[in-house]
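The file query_27.cif contains mmCIF, C-alpha atoms and all ligand atoms:
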data_query
loop_
_atom_site.label_atom_id
_atom_site.label_comp_id
_atom_site.auth_asym_id
_atom_site.auth_seq_id
_atom_site.Cartn_x
_atom_site.Cartn_y
_atom_site.Cartn_z
CA MET W 1 65.79 16.20 -11.23
CA LEU W 2 64.77 17.76 -14.55
CA ASP W 3 64.93 15.37 -17.52
CA LEU W 4 65.74 17.63 -20.48
CA ASP W 5 64.76 15.04 -23.08
CA ARG W 6 61.38 14.65 -21.41
CA LEU W 7 60.99 18.45 -21.31
CA ALA W 8 61.78 18.75 -25.04
CA GLN W 9 59.22 16.03 -25.81
CA ALA W 10 56.62 17.67 -23.56
CA SER W 11 57.20 21.09 -25.16
CA GLN W 12 56.63 19.65 -28.60
CA GLN W 13 53.45 17.94 -27.43
CA LEU W 14 52.11 21.18 -25.93
CA ILE W 15 52.93 23.19 -29.06
CA GLU W 16 51.21 20.62 -31.30
CA ALA W 17 48.16 20.43 -29.03
CA GLY W 18 47.90 24.22 -29.15
CA ARG W 19 47.95 24.30 -32.94
CA ALA W 20 45.28 21.61 -33.19
CA LEU W 21 42.99 23.15 -30.57
CA ASP W 22 43.37 26.60 -32.11
CA ALA W 23 42.43 25.16 -35.51
CA ALA W 24 39.36 23.65 -33.82
CA SER W 25 38.43 27.07 -32.32
CA GLN W 26 38.70 25.74 -28.76
CA VAL W 27 41.24 28.26 -27.44
CA PRO W 28 40.08 31.70 -28.69
CA ALA W 29 42.09 34.81 -27.87
CA THR W 30 44.68 33.64 -25.29
CA GLY W 31 42.26 31.26 -23.60
CA GLY W 32 43.14 27.84 -22.23
CA ASN W 33 46.26 26.31 -20.78
CA PHE W 34 48.02 22.98 -21.12
CA SER W 35 50.54 20.89 -19.21
CA CYS W 36 52.49 17.64 -19.14
CA ARG W 37 53.80 15.81 -16.08
CA LEU W 38 57.60 15.72 -16.12
CA SER W 39 58.15 13.76 -12.89
CA ASP W 40 56.60 13.11 -9.49
CA THR W 41 57.13 16.78 -8.58
CA LEU W 42 57.47 18.77 -11.81
CA MET W 43 55.27 19.76 -14.74
CA ALA W 44 55.72 21.63 -18.02
CA VAL W 45 52.96 24.25 -18.26
CA THR W 46 52.09 27.03 -20.70
CA ALA W 47 52.97 30.61 -19.79
CA SER W 48 50.41 33.27 -19.01
CA GLY W 49 48.94 35.37 -21.80
CA CYS W 50 50.31 33.56 -24.85
CA HIS W 51 48.17 32.48 -27.78
CA LYS W 52 47.90 28.70 -27.69
CA GLY W 53 47.88 28.37 -31.46
CA ARG W 54 51.29 30.04 -31.69
CA LEU W 55 53.23 28.49 -28.81
CA THR W 56 57.01 28.20 -28.93
CA THR W 57 59.35 26.34 -26.59
CA ALA W 58 59.89 29.68 -24.78
CA ASP W 59 56.21 29.61 -23.78
CA VAL W 60 56.60 26.28 -21.96
CA LEU W 61 57.60 26.78 -18.31
CA VAL W 62 58.87 24.24 -15.79
CA SER W 63 57.19 24.38 -12.41
CA ASP W 64 56.56 22.30 -9.34
CA PHE W 65 52.96 21.47 -8.52
CA ALA W 66 52.68 24.47 -6.17
CA VAL W 67 53.60 26.67 -9.19
CA ARG W 68 57.09 27.62 -8.04
CA LEU W 69 58.76 28.16 -11.42
CA LEU W 70 62.25 26.96 -12.33
CA GLY W 71 64.70 29.12 -14.28
CA THR W 72 62.39 31.71 -15.81
CA SER W 73 61.24 35.24 -15.15
CA ARG W 74 57.97 34.64 -16.97
CA LYS W 75 54.67 34.08 -15.24
CA ALA W 76 52.67 30.87 -15.39
CA SER W 77 48.97 31.00 -16.10
CA ASP W 78 46.92 31.89 -13.02
CA GLU W 79 45.27 28.52 -13.45
CA ALA W 80 48.54 26.55 -13.32
CA ARG W 81 47.72 25.56 -9.74
CA LEU W 82 44.69 23.65 -11.04
CA HIS W 83 47.12 21.55 -13.09
CA GLY W 84 49.46 21.05 -10.11
CA GLN W 85 46.56 19.99 -7.90
CA LEU W 86 45.43 17.38 -10.45
CA TYR W 87 48.97 15.94 -10.72
CA GLU W 88 49.16 15.77 -6.92
CA ASP W 89 45.81 14.00 -6.60
CA LEU W 90 45.82 11.82 -9.73
CA PRO W 91 49.10 9.88 -10.11
CA GLU W 92 47.78 8.41 -13.37
CA ALA W 93 47.42 11.87 -14.96
CA HIS W 94 50.32 12.68 -17.28
CA ALA W 95 48.73 15.39 -19.43
CA ILE W 96 46.07 18.03 -18.81
CA LEU W 97 44.28 20.20 -21.38
CA HIS W 98 42.05 23.16 -20.54
CA THR W 99 40.04 24.78 -23.32
CA HIS W 100 37.55 27.63 -23.63
CA SER W 101 35.32 26.10 -26.27
CA ARG W 102 31.89 27.42 -27.20
CA ALA W 103 30.18 24.13 -26.25
CA ALA W 104 31.86 24.02 -22.81
CA THR W 105 31.03 27.66 -22.16
CA VAL W 106 27.37 27.45 -23.12
CA LEU W 107 26.56 24.00 -21.72
CA SER W 108 28.18 24.77 -18.35
CA LEU W 109 25.93 27.84 -18.05
CA CYS W 110 22.67 26.24 -19.07
CA HIS W 111 23.06 22.93 -17.21
CA VAL W 112 21.50 22.85 -13.74
CA GLY W 113 23.38 20.91 -11.06
CA ASP W 114 26.99 20.12 -10.21
CA THR W 115 27.49 17.17 -12.59
CA LEU W 116 27.03 16.77 -16.34
CA SER W 117 26.46 13.18 -17.43
CA LEU W 118 26.81 12.46 -21.15
CA GLU W 119 25.04 9.23 -22.00
CA GLY W 120 24.25 7.02 -24.98
CA PHE W 121 26.91 8.33 -27.37
CA GLU W 122 29.22 5.92 -29.21
CA LEU W 123 32.05 8.45 -28.80
CA ASN W 124 31.91 7.99 -25.01
CA LYS W 125 34.34 5.14 -25.74
CA ALA W 126 37.04 7.68 -26.66
CA LEU W 127 37.45 8.33 -22.93
CA GLU W 128 39.98 6.21 -21.02
CA GLY W 129 38.28 3.40 -19.10
CA VAL W 130 34.97 3.64 -21.00
CA LYS W 131 34.19 0.44 -22.89
CA SER W 132 30.55 0.98 -23.88
CA HIS W 133 28.26 3.74 -25.10
CA GLU W 134 26.10 2.80 -22.12
CA THR W 135 28.76 3.99 -19.68
CA PRO W 136 28.11 7.64 -18.79
CA VAL W 137 30.91 10.17 -19.21
CA ARG W 138 30.74 12.44 -16.19
CA LEU W 139 32.05 15.97 -15.72
CA ALA W 140 31.86 17.89 -12.44
CA ILE W 141 30.74 21.52 -12.72
CA PHE W 142 32.11 24.34 -10.58
CA ASP W 143 31.12 27.99 -10.50
CA ASN W 144 33.62 30.32 -12.10
CA THR W 145 35.89 32.26 -9.76
CA GLN W 146 39.13 34.25 -9.83
CA ASP W 147 40.15 32.54 -6.55
CA ILE W 148 42.07 29.68 -8.12
CA ALA W 149 43.49 28.39 -4.82
CA ALA W 150 39.96 27.94 -3.48
CA LEU W 151 38.83 26.28 -6.72
CA ALA W 152 41.75 23.83 -6.53
CA LEU W 153 40.57 22.84 -3.04
CA ASP W 154 37.01 22.38 -4.30
CA VAL W 155 38.25 20.15 -7.14
CA ARG W 156 40.34 18.14 -4.66
CA ALA W 157 37.35 17.66 -2.34
CA ARG W 158 35.17 16.55 -5.25
CA LEU W 159 37.73 14.02 -6.53
CA GLN W 160 37.94 12.49 -3.06
CA VAL W 161 34.26 11.56 -3.14
CA ASP W 162 33.88 11.03 -6.89
CA ALA W 163 36.63 8.99 -8.52
CA ASN W 164 34.80 8.43 -11.82
CA LEU W 165 35.12 11.89 -13.33
CA HIS W 166 36.60 12.42 -16.78
CA GLY W 167 37.09 16.12 -16.24
CA TYR W 168 35.29 19.20 -15.04
CA LEU W 169 33.62 22.32 -16.36
CA ILE W 170 33.90 25.81 -14.93
CA ARG W 171 30.68 27.72 -15.59
CA GLY W 172 30.87 30.16 -18.47
CA HIS W 173 34.58 29.45 -18.72
CA GLY W 174 35.71 26.08 -20.03
CA LEU W 175 36.72 22.45 -19.67
CA TYR W 176 39.55 20.61 -17.90
CA THR W 177 40.37 17.02 -18.75
CA TRP W 178 43.34 14.77 -18.01
CA ALA W 179 44.71 11.44 -19.25
CA SER W 180 47.61 9.04 -19.01
CA SER W 181 49.32 10.57 -22.07
CA MET W 182 49.04 13.65 -24.27
CA THR W 183 47.72 11.49 -27.11
CA ALA W 184 44.88 10.23 -24.91
CA CYS W 185 44.27 13.70 -23.50
CA ARG W 186 43.87 15.18 -26.99
CA ARG W 187 41.41 12.41 -27.78
CA HIS W 188 39.52 13.29 -24.58
CA ILE W 189 39.28 16.98 -25.33
CA GLU W 190 38.17 16.35 -28.92
CA ALA W 191 35.60 13.77 -27.85
CA LEU W 192 34.26 15.85 -24.97
CA ASP W 193 33.81 18.89 -27.18
CA PHE W 194 31.96 16.76 -29.74
CA LEU W 195 29.80 15.17 -27.02
CA MET W 196 28.93 18.53 -25.48
CA GLY W 197 28.04 19.87 -28.93
CA CYS W 198 25.71 16.89 -29.43
CA GLU W 199 24.16 17.43 -26.00
CA LEU W 200 23.49 21.09 -26.78
CA GLU W 201 21.94 20.15 -30.11
CA LEU W 202 19.67 17.60 -28.42
CA ARG W 203 18.57 20.13 -25.79
CA ARG W 204 17.63 22.55 -28.58
CA GLN W 205 15.35 19.89 -30.08
CA ARG W 206 13.52 19.13 -26.83
ZN ZN W 301 40.66 29.17 -18.34
#
Represent the supplied structure as structure tokens.
Amino acid sequence: MLDLDRLAQASQQLIEAGRALDAASQVPATGGNFSCRLSDTLMAVTASGCHKGRLTTADVLVSDFAVRLLGTSRKASDEARLHGQLYEDLPEAHAILHTHSRAATVLSLCHVGDTLSLEGFELNKALEGVKSHETPVRLAIFDNTQDIAALALDVRARLQVDANLHGYLIRGHGLYTWASSMTACRRHIEALDFLMGCELELRRQR
């Protein structure tokens, strides 16, 4: 059952997130995509090809988690299934933001291994569940691919063996993070971009 009040609230949250992330240069060109959970089976997700800094309510689509759209002829982002998969696997996730920031793009390419651990930063505490700068913030890293269905399965498999992830990077592409609300998710994406920028700066010094 679609809750129209919840949809209106979610649309506003997605539009505002888009403006803020565009102002922060994290969604260049038409990069990135965002979503909010609407119910146990439905999400509001941004349409394919629209600029995230200039979203309108018409750019917010309603879909189930398998990306079967409701009441629109528009197309969801190819990556919408990555959002649906996260809502299926993480009941606590109520908002997901995906950005194409410079720090995420560069760090995901130059980091060796399948996990990035950000440690020793006070801003680690901006992430849900992190109480100390001594707690590492961990992001999985996946190779970039155009086979989104296969990537969704890889993310699922990783989450089953690694419950303490705060998000994931796709190499040369960008960052996904989720949270229990859009407010918390915006804090996550801001903090993670700052932390990755710090990490890059430190690696330059070494
Ligand atoms: Zn993307």
Check every protein, DNA and RNA residue against ligand ZN 301 (chain W), keep those with an atom at most 9 Å away (counting all atoms listed in the file), and present them as a list in words.
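If we count all atoms listed in the file, the neighbours of ligand ZN 301 (chain W) turn out to be Gly31, Gly32, Asn33, Ser77, Asp78, Glu79, His98, Thr99, His100, Ile170, His173, Gly174, Leu175 and Tyr176 of chain W.
Using only C-alpha atoms, the residues found no farther than 8 Å from Val137 in chain W, other than those of its own chain fewer than 4 positions away, are Ser117, Leu118, Glu119, Asn124, Leu127, Val130, Leu165 and His166 of chain W.
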Find the residue from W:Gln13, W:His51, W:Ala24, W:Leu82 that sits nearest to Asp193 in chain W; use only C-alpha atoms when measuring.
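Once distances to Asp193 in chain W are computed over only C-alpha atoms, the minimum belongs to W:Ala24.
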Select, from W:Arg74, W:His94, W:Arg186, W:His83, the residue with the minimum atom-to-atom distance to Ala10 in chain W, counting all atoms listed in the file.
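Nearest candidate to Ala10 in chain W out of W:Arg74, W:His94, W:Arg186, W:His83: W:His94.
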So that I can check the surroundings of Ala140 in chain W, please list as a CSV table (one decimal) with C-alpha atoms, in the frame of the given file every protein, DNA and RNA residue that reaches within 6 Å of it, counting all atoms listed in the file and ignoring chain neighbours fewer than 6 positions away.
chain,number,residue,atom,x,y,z
W,114,ASP,CA,27.0,20.1,-10.2
W,115,THR,CA,27.5,17.2,-12.6
W,168,TYR,CA,35.3,19.2,-15.0
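With distances restricted to only C-alpha atoms, W:Ala184 is the closest residue to Gly129 in chain W from W:Ala184, W:Met43, W:Leu38, W:Ile148.
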Any idea what the distance is between CA of Gln12 in chain W and CA of Gly197 in chain W?
28.6 Å
